[in-house]
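Shown next: upload_5.csv, given as CSV, C-alpha atoms.
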chain,number,residue,atom,x,y,z
A,1,MET,CA,53.3,20.9,13.6
A,2,LEU,CA,50.7,23.5,14.0
A,3,GLN,CA,49.6,24.6,10.6
A,4,HIS,CA,47.2,27.5,10.0
A,5,TYR,CA,46.1,27.0,6.4
A,6,PRO,CA,44.9,30.1,4.6
A,7,SER,CA,42.3,28.1,2.7
A,8,ALA,CA,40.2,25.0,3.6
A,9,LEU,CA,40.4,23.8,0.0
A,10,LEU,CA,44.2,24.0,0.1
A,11,GLU,CA,44.3,22.1,3.4
A,12,ARG,CA,42.1,19.4,2.1
A,13,ALA,CA,44.3,18.9,-1.0
A,14,VAL,CA,47.5,18.9,1.0
A,15,ASP,CA,45.9,16.3,3.4
A,16,GLU,CA,45.0,14.1,0.5
A,17,PHE,CA,48.5,14.2,-1.0
A,18,ALA,CA,50.1,13.6,2.4
A,19,LYS,CA,48.2,10.3,2.6
A,20,LEU,CA,50.4,8.9,-0.2
A,21,PRO,CA,53.3,6.7,0.9
A,22,GLY,CA,56.5,8.5,1.5
A,23,ILE,CA,54.9,12.0,1.0
A,24,GLY,CA,55.1,14.2,4.1
A,25,ALA,CA,53.1,17.4,4.7
A,26,LYS,CA,55.8,19.7,3.3
A,27,THR,CA,56.2,17.6,0.1
A,28,ALA,CA,52.4,17.4,-0.2
A,29,MET,CA,52.3,21.3,0.0
A,30,ARG,CA,55.0,21.6,-2.7
A,31,LEU,CA,53.1,19.2,-5.1
A,32,VAL,CA,49.8,20.9,-4.5
A,33,LEU,CA,51.3,24.4,-5.1
A,34,HIS,CA,53.0,23.1,-8.3
A,35,LEU,CA,49.7,21.8,-9.6
A,36,LEU,CA,48.0,25.1,-8.7
A,37,ARG,CA,50.4,26.9,-11.0
A,38,GLN,CA,49.4,24.6,-13.9
A,39,ASP,CA,46.4,25.5,-16.1
A,40,ASN,CA,43.0,23.9,-15.6
A,41,GLU,CA,43.5,21.3,-18.3
A,42,ALA,CA,46.7,20.0,-16.8
A,43,VAL,CA,45.1,19.6,-13.4
A,44,GLU,CA,42.1,17.8,-14.9
A,45,ALA,CA,44.4,15.5,-16.9
A,46,PHE,CA,46.3,14.7,-13.7
A,47,ALA,CA,43.2,14.0,-11.6
A,48,GLY,CA,41.3,12.3,-14.5
A,49,SER,CA,44.2,9.9,-15.2
A,50,ILE,CA,44.0,8.2,-11.8
A,51,VAL,CA,40.2,8.2,-11.6
A,52,ARG,CA,40.0,6.6,-15.1
A,53,LEU,CA,42.6,4.0,-14.1
A,54,LYS,CA,40.8,3.1,-10.9
A,55,LYS,CA,37.4,2.9,-12.6
A,56,ASN,CA,38.4,0.9,-15.7
A,57,VAL,CA,41.4,-1.1,-14.5
A,58,ARG,CA,41.1,-4.9,-15.0
A,59,PHE,CA,43.2,-7.7,-13.9
A,60,CYS,CA,44.1,-10.6,-16.2
A,61,HIS,CA,42.0,-13.7,-15.1
A,62,ILE,CA,44.9,-16.0,-15.8
A,63,CYS,CA,48.0,-14.2,-14.4
A,64,HIS,CA,46.4,-11.4,-12.3
A,65,ASN,CA,48.6,-8.8,-14.0
A,66,ILE,CA,47.1,-5.3,-14.6
A,67,SER,CA,45.4,-5.2,-18.0
A,68,ASP,CA,43.1,-3.2,-20.1
A,69,SER,CA,41.1,-6.4,-20.9
A,70,ASP,CA,40.2,-9.7,-19.3
A,71,THR,CA,43.2,-11.5,-20.6
A,72,CYS,CA,46.5,-9.5,-20.6
A,73,GLU,CA,48.7,-9.0,-23.6
A,74,ILE,CA,51.2,-11.5,-22.4
A,75,CYS,CA,48.8,-14.3,-21.7
A,76,SER,CA,47.1,-13.8,-25.0
A,77,ASP,CA,50.3,-13.7,-27.0
A,78,ARG,CA,50.6,-17.1,-28.7
A,79,ARG,CA,54.3,-16.6,-29.3
A,80,ARG,CA,55.0,-16.9,-25.5
A,81,ASP,CA,55.8,-20.3,-24.1
A,82,PRO,CA,52.8,-21.5,-22.0
A,83,ARG,CA,55.0,-24.3,-20.4
A,84,LEU,CA,56.9,-21.7,-18.3
A,85,VAL,CA,55.2,-19.7,-15.5
A,86,CYS,CA,57.3,-17.1,-13.6
A,87,VAL,CA,55.9,-16.2,-10.2
A,88,VAL,CA,56.4,-12.6,-9.1
A,89,GLU,CA,55.2,-10.5,-6.2
A,90,ASP,CA,54.0,-7.4,-8.1
A,91,ILE,CA,53.3,-6.0,-11.6
A,92,ARG,CA,56.5,-4.0,-11.3
A,93,ASP,CA,58.4,-7.2,-11.3
A,94,VAL,CA,56.7,-8.3,-14.6
A,95,MET,CA,57.8,-5.0,-16.2
A,96,ALA,CA,61.4,-5.4,-14.8
A,97,ILE,CA,61.7,-8.9,-16.2
A,98,GLU,CA,60.1,-7.9,-19.5
A,99,ASN,CA,62.7,-5.1,-19.8
A,100,THR,CA,65.5,-7.7,-19.7
A,101,GLN,CA,64.0,-9.4,-22.9
A,102,GLN,CA,65.4,-12.7,-21.5
A,103,TYR,CA,62.1,-14.4,-20.8
A,104,ARG,CA,59.5,-15.7,-23.2
A,105,GLY,CA,57.2,-17.6,-20.8
A,106,LEU,CA,54.1,-16.5,-18.9
A,107,TYR,CA,53.7,-14.9,-15.5
A,108,HIS,CA,51.7,-15.3,-12.3
A,109,VAL,CA,51.4,-12.1,-10.1
A,110,LEU,CA,50.9,-13.2,-6.5
A,111,GLY,CA,50.0,-9.7,-5.2
A,112,GLY,CA,52.4,-9.8,-2.3
A,113,VAL,CA,54.5,-12.2,-0.2
A,114,ILE,CA,53.6,-14.1,3.0
A,115,SER,CA,54.3,-11.6,5.8
A,116,PRO,CA,52.8,-12.4,9.2
A,117,MET,CA,54.2,-9.1,10.5
A,118,ASP,CA,52.0,-7.2,8.0
A,119,GLY,CA,49.1,-9.6,8.5
A,120,ILE,CA,49.5,-11.2,5.0
A,121,GLY,CA,48.8,-14.9,4.9
A,122,PRO,CA,48.6,-17.4,2.0
A,123,SER,CA,44.9,-16.8,1.5
A,124,ASP,CA,45.6,-13.1,0.8
A,125,LEU,CA,47.7,-14.1,-2.2
A,126,LYS,CA,46.8,-15.6,-5.6
A,127,ILE,CA,48.2,-19.0,-4.6
A,128,GLU,CA,45.2,-21.2,-5.3
A,129,SER,CA,45.0,-20.1,-8.9
A,130,LEU,CA,48.7,-20.8,-9.3
A,131,VAL,CA,48.2,-24.4,-8.1
A,132,GLU,CA,45.3,-24.8,-10.5
A,133,ARG,CA,47.5,-23.6,-13.4
A,134,ALA,CA,50.2,-26.0,-12.4
A,135,GLU,CA,47.7,-28.9,-12.3
A,136,ASN,CA,46.1,-28.2,-15.7
A,137,GLY,CA,48.8,-30.1,-17.7
A,138,THR,CA,50.3,-27.4,-19.9
A,139,VAL,CA,52.7,-25.9,-17.3
A,140,GLU,CA,56.0,-27.8,-17.1
A,141,GLU,CA,58.1,-25.4,-15.0
A,142,VAL,CA,57.3,-22.8,-12.3
A,143,ILE,CA,60.0,-20.3,-11.8
A,144,LEU,CA,59.9,-18.6,-8.4
A,145,ALA,CA,61.1,-15.0,-8.8
A,146,LEU,CA,60.4,-13.4,-5.5
A,147,SER,CA,62.8,-11.1,-3.7
A,148,PRO,CA,65.4,-12.9,-1.7
A,149,THR,CA,64.1,-11.6,1.7
A,150,VAL,CA,62.9,-13.6,4.7
A,151,GLU,CA,59.3,-13.1,3.5
A,152,GLY,CA,60.2,-14.0,-0.1
A,153,ASP,CA,62.0,-17.2,1.0
A,154,THR,CA,59.1,-18.1,3.3
A,155,THR,CA,56.7,-17.7,0.4
A,156,ASN,CA,59.0,-19.7,-1.9
A,157,PHE,CA,59.0,-22.6,0.6
A,158,TYR,CA,55.2,-22.5,1.0
A,159,LEU,CA,54.7,-22.4,-2.8
A,160,TYR,CA,57.2,-25.3,-3.3
A,161,ARG,CA,55.2,-27.5,-1.0
A,162,LYS,CA,52.0,-26.6,-2.6
A,163,LEU,CA,53.3,-27.2,-6.1
A,164,VAL,CA,55.2,-30.5,-5.6
A,165,PRO,CA,52.0,-32.7,-5.8
A,166,SER,CA,51.3,-31.3,-9.3
A,167,GLY,CA,54.6,-32.8,-10.6
A,168,VAL,CA,55.8,-29.5,-12.2
A,169,LYS,CA,59.4,-28.6,-12.0
A,170,VAL,CA,60.0,-25.8,-9.5
A,171,THR,CA,63.0,-23.5,-10.0
A,172,VAL,CA,64.2,-20.3,-8.3
A,173,ILE,CA,66.0,-17.4,-10.0
A,174,ALA,CA,69.8,-17.5,-9.6
A,175,ARG,CA,71.2,-15.7,-6.6
A,176,GLY,CA,74.8,-14.4,-6.7
A,177,ILE,CA,77.0,-11.4,-7.1
A,178,ALA,CA,75.2,-8.6,-9.0
A,179,GLN,CA,76.8,-7.1,-12.1
A,180,ASN,CA,79.3,-4.4,-11.1
A,181,ASP,CA,79.2,-5.3,-7.4
A,182,GLU,CA,82.5,-5.4,-5.6
A,183,LEU,CA,83.1,-8.9,-4.2
A,184,GLN,CA,84.5,-7.6,-0.8
A,185,TYR,CA,81.2,-5.9,-0.1
A,186,ALA,CA,79.0,-8.9,-0.9
A,187,ASP,CA,77.3,-10.5,2.1
A,188,GLU,CA,78.5,-13.9,3.2
A,189,VAL,CA,75.3,-15.8,2.2
A,190,THR,CA,75.4,-14.4,-1.3
A,191,LEU,CA,79.1,-14.9,-1.8
A,192,GLY,CA,78.9,-18.5,-0.4
A,193,ARG,CA,76.0,-19.4,-2.6
A,194,SER,CA,77.7,-17.9,-5.6
A,195,ILE,CA,80.6,-20.3,-5.2
A,196,VAL,CA,78.4,-23.4,-4.5
A,197,ASN,CA,76.2,-22.5,-7.5
A,198,ARG,CA,79.1,-21.6,-9.9
A,199,THR,CA,78.4,-22.1,-13.6
A,200,PRO,CA,80.7,-23.1,-16.5
A,201,PHE,CA,82.7,-20.2,-17.8
A,202,THR,CA,81.6,-19.0,-21.3
A,203,ALA,CA,83.8,-16.7,-23.2
B,1,MET,CA,64.6,3.1,-19.6
B,2,LEU,CA,62.4,0.9,-21.8
B,3,GLN,CA,59.1,0.3,-20.1
B,4,HIS,CA,56.5,-2.1,-21.4
B,5,TYR,CA,53.4,-1.1,-19.5
B,6,PRO,CA,50.7,-3.8,-19.2
B,7,SER,CA,48.0,-1.2,-19.4
B,8,ALA,CA,47.7,2.1,-21.3
B,9,LEU,CA,45.6,3.6,-18.4
B,10,LEU,CA,48.3,2.7,-16.0
B,11,GLU,CA,51.0,4.2,-18.2
B,12,ARG,CA,49.0,7.4,-18.5
B,13,ALA,CA,48.5,7.8,-14.7
B,14,VAL,CA,52.2,7.1,-14.1
B,15,ASP,CA,53.2,9.7,-16.7
B,16,GLU,CA,50.9,12.3,-15.0
B,17,PHE,CA,52.4,11.6,-11.5
B,18,ALA,CA,55.9,11.6,-12.9
B,19,LYS,CA,55.3,15.2,-14.1
B,20,LEU,CA,55.2,16.4,-10.5
B,21,PRO,CA,58.5,18.0,-9.2
B,22,GLY,CA,60.8,15.5,-7.5
B,23,ILE,CA,58.7,12.5,-8.5
B,24,GLY,CA,60.5,10.0,-10.9
B,25,ALA,CA,59.0,7.2,-12.8
B,26,LYS,CA,59.5,4.6,-10.1
B,27,THR,CA,58.0,6.8,-7.4
B,28,ALA,CA,55.1,7.7,-9.7
B,29,MET,CA,54.5,3.9,-10.2
B,30,ARG,CA,54.6,3.3,-6.4
B,31,LEU,CA,52.1,6.2,-5.8
B,32,VAL,CA,49.7,5.0,-8.6
B,33,LEU,CA,49.7,1.4,-7.4
B,34,HIS,CA,49.1,2.6,-3.8
B,35,LEU,CA,46.0,4.6,-5.0
B,36,LEU,CA,44.9,1.6,-7.0
B,37,ARG,CA,44.7,-0.5,-3.8
B,38,GLN,CA,42.4,2.1,-2.2
B,39,ASP,CA,38.7,2.0,-2.7
B,40,ASN,CA,36.8,4.1,-5.3
B,41,GLU,CA,35.8,6.8,-2.7
B,42,ALA,CA,39.3,7.3,-1.6
B,43,VAL,CA,40.6,7.8,-5.2
B,44,GLU,CA,37.7,10.2,-6.0
B,45,ALA,CA,38.5,12.1,-2.8
B,46,PHE,CA,42.1,12.4,-3.8
B,47,ALA,CA,41.4,13.5,-7.4
B,48,GLY,CA,38.5,15.7,-6.4
B,49,SER,CA,40.5,17.6,-3.8
B,50,ILE,CA,43.0,19.0,-6.3
B,51,VAL,CA,40.3,19.7,-9.0
B,52,ARG,CA,38.1,21.6,-6.5
B,53,LEU,CA,41.1,23.6,-5.2
B,54,LYS,CA,42.2,24.5,-8.7
B,55,LYS,CA,38.6,25.5,-9.7
B,56,ASN,CA,37.7,27.5,-6.6
B,57,VAL,CA,40.9,28.9,-5.3
B,58,ARG,CA,41.0,32.6,-4.9
B,59,PHE,CA,43.8,35.0,-4.0
B,60,CYS,CA,43.4,37.8,-1.6
B,61,HIS,CA,43.1,41.1,-3.6
B,62,ILE,CA,45.2,42.9,-0.9
B,63,CYS,CA,48.1,40.5,0.0
B,64,HIS,CA,47.8,37.9,-2.8
B,65,ASN,CA,47.8,35.0,-0.3
B,66,ILE,CA,45.7,32.0,-1.2
B,67,SER,CA,42.2,32.4,0.2
B,68,ASP,CA,38.7,30.9,0.1
B,69,SER,CA,37.3,34.5,-0.4
B,70,ASP,CA,38.3,37.8,-2.1
B,71,THR,CA,39.9,39.1,1.1
B,72,CYS,CA,41.9,36.6,3.1
B,73,GLU,CA,41.4,35.8,6.8
B,74,ILE,CA,44.4,37.8,7.9
B,75,CYS,CA,43.7,41.0,5.9
B,76,SER,CA,40.1,41.0,7.1
B,77,ASP,CA,41.1,40.4,10.8
B,78,ARG,CA,40.6,43.8,12.5
B,79,ARG,CA,42.8,42.7,15.4
B,80,ARG,CA,45.9,42.6,13.1
B,81,ASP,CA,48.0,45.7,12.9
B,82,PRO,CA,47.6,47.3,9.4
B,83,ARG,CA,50.6,49.5,9.9
B,84,LEU,CA,53.0,46.5,9.5
B,85,VAL,CA,53.4,44.7,6.2
B,86,CYS,CA,55.7,41.7,6.0
B,87,VAL,CA,56.8,40.8,2.5
B,88,VAL,CA,57.3,37.1,1.8
B,89,GLU,CA,58.0,35.0,-1.3
B,90,ASP,CA,55.4,32.3,-1.0
B,91,ILE,CA,52.3,31.4,0.9
B,92,ARG,CA,54.4,28.8,2.8
B,93,ASP,CA,56.3,31.6,4.3
B,94,VAL,CA,53.1,33.2,5.6
B,95,MET,CA,52.2,29.8,7.3
B,96,ALA,CA,55.7,29.5,8.8
B,97,ILE,CA,55.6,33.0,10.3
B,98,GLU,CA,52.0,32.5,11.5
B,99,ASN,CA,53.2,29.4,13.3
B,100,THR,CA,55.7,31.4,15.3
B,101,GLN,CA,52.8,33.4,16.8
B,102,GLN,CA,55.3,36.3,16.9
B,103,TYR,CA,53.7,38.6,14.3
B,104,ARG,CA,50.4,40.5,14.4
B,105,GLY,CA,50.7,42.6,11.2
B,106,LEU,CA,49.7,41.9,7.6
B,107,TYR,CA,51.5,40.2,4.8
B,108,HIS,CA,52.3,40.8,1.1
B,109,VAL,CA,53.0,37.6,-1.0
B,110,LEU,CA,55.3,38.5,-3.8
B,111,GLY,CA,54.9,35.2,-5.6
B,112,GLY,CA,58.6,34.6,-6.1
B,113,VAL,CA,61.9,36.5,-6.1
B,114,ILE,CA,63.8,38.3,-8.9
B,115,SER,CA,65.9,35.6,-10.6
B,116,PRO,CA,67.2,36.4,-14.1
B,117,MET,CA,68.5,32.8,-14.3
B,118,ASP,CA,64.9,31.5,-14.1
B,119,GLY,CA,63.6,34.4,-16.3
B,120,ILE,CA,61.7,36.0,-13.3
B,121,GLY,CA,61.9,39.8,-13.4
B,122,PRO,CA,60.2,42.4,-11.3
B,123,SER,CA,57.1,42.6,-13.5
B,124,ASP,CA,56.4,38.9,-12.7
B,125,LEU,CA,56.0,39.7,-9.0
B,126,LYS,CA,53.4,41.6,-7.0
B,127,ILE,CA,55.7,44.6,-6.6
B,128,GLU,CA,53.4,47.4,-7.9
B,129,SER,CA,50.6,46.5,-5.6
B,130,LEU,CA,53.1,46.5,-2.7
B,131,VAL,CA,54.3,50.0,-3.6
B,132,GLU,CA,50.6,51.1,-3.8
B,133,ARG,CA,50.0,49.7,-0.3
B,134,ALA,CA,53.0,51.6,1.0
B,135,GLU,CA,51.8,54.8,-0.5
B,136,ASN,CA,48.2,54.6,0.8
B,137,GLY,CA,49.1,56.2,4.2
B,138,THR,CA,48.2,53.4,6.6
B,139,VAL,CA,51.4,51.4,6.3
B,140,GLU,CA,54.3,52.6,8.5
B,141,GLU,CA,56.8,49.7,8.2
B,142,VAL,CA,57.5,47.2,5.5
B,143,ILE,CA,59.4,44.1,6.8
B,144,LEU,CA,61.4,42.3,4.1
B,145,ALA,CA,61.3,38.6,5.0
B,146,LEU,CA,62.8,36.9,1.9
B,147,SER,CA,65.3,34.1,2.1
B,148,PRO,CA,68.9,35.3,2.5
B,149,THR,CA,70.0,34.1,-0.9
B,150,VAL,CA,71.5,36.0,-3.8
B,151,GLU,CA,68.0,36.2,-5.4
B,152,GLY,CA,66.4,37.2,-2.1
B,153,ASP,CA,69.0,39.9,-1.5
B,154,THR,CA,68.7,41.3,-5.0
B,155,THR,CA,64.9,41.5,-4.6
B,156,ASN,CA,65.3,43.1,-1.2
B,157,PHE,CA,67.5,45.8,-2.7
B,158,TYR,CA,65.0,46.3,-5.6
B,159,LEU,CA,62.1,46.6,-3.2
B,160,TYR,CA,64.0,49.0,-1.0
B,161,ARG,CA,64.6,51.4,-3.8
B,162,LYS,CA,61.0,51.2,-4.9
B,163,LEU,CA,59.7,51.8,-1.4
B,164,VAL,CA,61.9,54.7,-0.3
B,165,PRO,CA,59.9,57.4,-2.1
B,166,SER,CA,56.7,56.4,-0.1
B,167,GLY,CA,58.5,57.3,3.1
B,168,VAL,CA,57.7,54.0,4.9
B,169,LYS,CA,60.3,52.5,7.2
B,170,VAL,CA,61.9,49.5,5.5
B,171,THR,CA,63.3,46.7,7.7
B,172,VAL,CA,64.7,43.3,7.1
B,173,ILE,CA,64.4,40.2,9.3
B,174,ALA,CA,67.4,39.5,11.6
B,175,ARG,CA,70.1,37.3,10.3
B,176,GLY,CA,72.4,35.5,12.6
B,177,ILE,CA,73.2,32.2,14.2
B,178,ALA,CA,70.1,29.9,14.2
B,179,GLN,CA,68.9,28.3,17.4
B,180,ASN,CA,70.9,25.1,18.2
B,181,ASP,CA,73.5,25.8,15.5
B,182,GLU,CA,77.1,25.3,16.4
B,183,LEU,CA,79.1,28.5,16.1
B,184,GLN,CA,82.1,26.8,14.6
B,185,TYR,CA,80.1,25.6,11.6
B,186,ALA,CA,78.4,28.9,10.9
B,187,ASP,CA,79.6,30.6,7.7
B,188,GLU,CA,81.7,33.8,7.9
B,189,VAL,CA,79.1,36.2,6.6
B,190,THR,CA,76.5,35.0,9.1
B,191,LEU,CA,78.9,35.0,12.0
B,192,GLY,CA,80.3,38.4,11.2
B,193,ARG,CA,76.9,39.9,10.9
B,194,SER,CA,75.8,38.3,14.1
B,195,ILE,CA,78.6,40.2,16.0
B,196,VAL,CA,77.9,43.5,14.2
B,197,ASN,CA,74.2,43.2,14.8
B,198,ARG,CA,74.5,42.0,18.5
B,199,THR,CA,71.5,42.8,20.7
B,200,PRO,CA,71.3,43.6,24.5
B,201,PHE,CA,71.3,40.4,26.6
B,202,THR,CA,68.0,39.7,28.3
B,203,ALA,CA,67.8,37.1,31.0

Let's see the structure in the file written out as structure tokens.
Amino acid sequence: MLQHYPSALLERAVDEFAKLPGIGAKTAMRLVLHLLRQDNEAVEAFAGSIVRLKKNVRFCHICHNISDSDTCEICSDRRRDPRLVCVVEDIRDVMAIENTQQYRGLYHVLGGVISPMDGIGPSDLKIESLVERAENGTVEEVILALSPTVEGDTTNFYLYRKLVPSGVKVTVIARGIAQNDELQYADEVTLGRSIVNRTPFTA
Amino acid sequence: MLQHYPSALLERAVDEFAKLPGIGAKTAMRLVLHLLRQDNEAVEAFAGSIVRLKKNVRFCHICHNISDSDTCEICSDRRRDPRLVCVVEDIRDVMAIENTQQYRGLYHVLGGVISPMDGIGPSDLKIESLVERAENGTVEEVILALSPTVEGDTTNFYLYRKLVPSGVKVTVIARGIAQNDELQYADEVTLGRSIVNRTPFTA
């Protein structure tokens, strides 16, 4: 699309916003014009928030979660159970599991899943430090909580083989019919597995 | 949604992005994590582009279009026809019309349309300066190019009454069936008007 911008500064800002994932040129323009209508302080606060995050962000040296210090809140919380480590792809998964309030162990943020199509191999992920954690004697169970995709399953299998020598128990989160899903629309793999892995009924 | 952010800096940045129109908390998180994966220079370039725009942006003193100087490129272009002024809502409309390469006159950016529902009255728009332009003797025709909505039509009517005393010709952009639209799906108003306002066939 030929675009004749009335201002080089505007064009530059729109170009920067359009680099964000899922943001096209028209949305970028809409966001930039929105910010332009805000006062100076609001724009500085917006821009400053991301610059400050980028400059000062730290990652927990144990679980690799985003943190404001060297050891994250969860890893330094002595009420959490250090015998359990839940492996997730991304910090968003940590937040999602925390929101359930069903888990009191620790985490390990891989930083992705093995995906040859995207050029992501095992060495791009925090796998070595996971194996070290499994070998240090405290950890008794590693829970694999990756998304049930081809890449997630591949990564689960790779991690399982890496973790077996350490002697820890390796489990995977339950797969089955999601709450409020209609059975007739469930895929065959999920439905089949939900029958094989049925659990005792509790009233 | 209860959200336990692992970092206050992250939470702040996500909050700022979620203030943007059409960006929810999940999208904001995705955008922030994307920027966090870029290098420092890229993040500075992103944040700097919007701060620089906000600080240095100017608006043309004639047509109110965004500009890098006091008079915009279009208003200062002597090859443009100063007898024609096209009234638009927004700078995006200027860009859209420029892209058609079918118009060689000048513009007037209203900055919105009259919308009592949103608390926007005539005094919030650049109407007085439009009337002044119409009265200064050079302008012969004012083309109303607002969107054919209730608000746009209301504004057109208001502008028409304001412009009549100056003696300029007031026209409105053609309304009809859009290119590649199927006739049977056109609304009745548009279809009816397209027959009343039919034009001579040119091969």

Give me the chain A side of the contact with chain B, cut-off 8 Å, one line per residue showing its nearest atom pair and distance in Å at one decimal, counting only C-alpha atoms, sorted by chain and residue number, as a tab-separated table.
residue	atom	partner	partner_atom	distance
A:Leu2	CA	B:Asn99	CA	6.4
A:Gln3	CA	B:Asn99	CA	6.6
A:His4	CA	B:Met95	CA	6.1
A:Tyr5	CA	B:Met95	CA	6.8
A:Pro6	CA	B:Ser67	CA	5.7
A:Ser7	CA	B:Ser67	CA	5.0
A:Ala8	CA	B:Asp68	CA	7.0
A:Leu9	CA	B:Leu53	CA	5.3
A:Leu10	CA	B:Leu53	CA	6.2
A:Arg12	CA	B:Ser49	CA	6.4
A:Ala13	CA	B:Ser49	CA	4.9
A:Glu16	CA	B:Phe46	CA	5.5
A:Phe17	CA	B:Phe46	CA	7.2
A:Leu20	CA	B:Leu31	CA	6.4
A:Pro21	CA	B:Leu31	CA	6.8
A:Leu31	CA	B:Leu20	CA	6.4
A:Val32	CA	B:Ile50	CA	7.3
A:His34	CA	B:Leu20	CA	7.4
A:Leu35	CA	B:Leu20	CA	7.8
A:Leu36	CA	B:Lys54	CA	5.8
A:Asn40	CA	B:Lys54	CA	7.0
A:Val43	CA	B:Val51	CA	6.5
A:Glu44	CA	B:Val51	CA	6.5
A:Ala45	CA	B:Glu16	CA	7.5
A:Phe46	CA	B:Glu16	CA	5.3
A:Ala47	CA	B:Ala47	CA	4.6
A:Gly48	CA	B:Ala47	CA	7.2
A:Ser49	CA	B:Ala13	CA	4.8
A:Ile50	CA	B:Ala13	CA	5.4
A:Val51	CA	B:Val43	CA	6.4
A:Arg52	CA	B:Leu9	CA	7.2
A:Leu53	CA	B:Leu9	CA	5.3
A:Lys54	CA	B:Leu36	CA	5.9
A:Lys55	CA	B:Asn40	CA	7.4
A:Val57	CA	B:Leu9	CA	7.4
A:Asn65	CA	B:Pro6	CA	7.5
A:Ile66	CA	B:Pro6	CA	6.0
A:Ser67	CA	B:Ser7	CA	5.0
A:Asp68	CA	B:Ser7	CA	5.3
A:Cys72	CA	B:Pro6	CA	7.2
A:Glu73	CA	B:Pro6	CA	7.1
A:Met95	CA	B:His4	CA	6.1
A:Glu98	CA	B:His4	CA	7.1
A:Asn99	CA	B:Leu2	CA	6.3

For atom CA of A:Val139 and atom CA of A:Ile97, determine how far apart the two atoms are, in Å to one decimal place.
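Computed distance, atom CA of A:Val139 to atom CA of A:Ile97, equals 19.3 Å.
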
Neighbour list for B:Val196 as a list in words, cut-off 12 Å, all atoms listed in the file, skip fewer than 6 positions in-chain:
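Residues meeting the cut-off are Ala174, Arg175, Gly176, Val189 and Thr190 of chain B.
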
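Between atom CA of B:Cys86 and atom CA of B:Tyr160 the separation is 13.1 Å.
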
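In this structure, atom CA of B:Gly105 sits 11.7 Å away from atom CA of B:Cys63.
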
Counting all atoms listed in the file, the option among B:Asp124, B:Glu188, B:Met117, B:Pro82 closest to B:Asn136
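Between B:Asp124, B:Glu188, B:Met117, B:Pro82, the residue approaching B:Asn136 most closely is B:Pro82.
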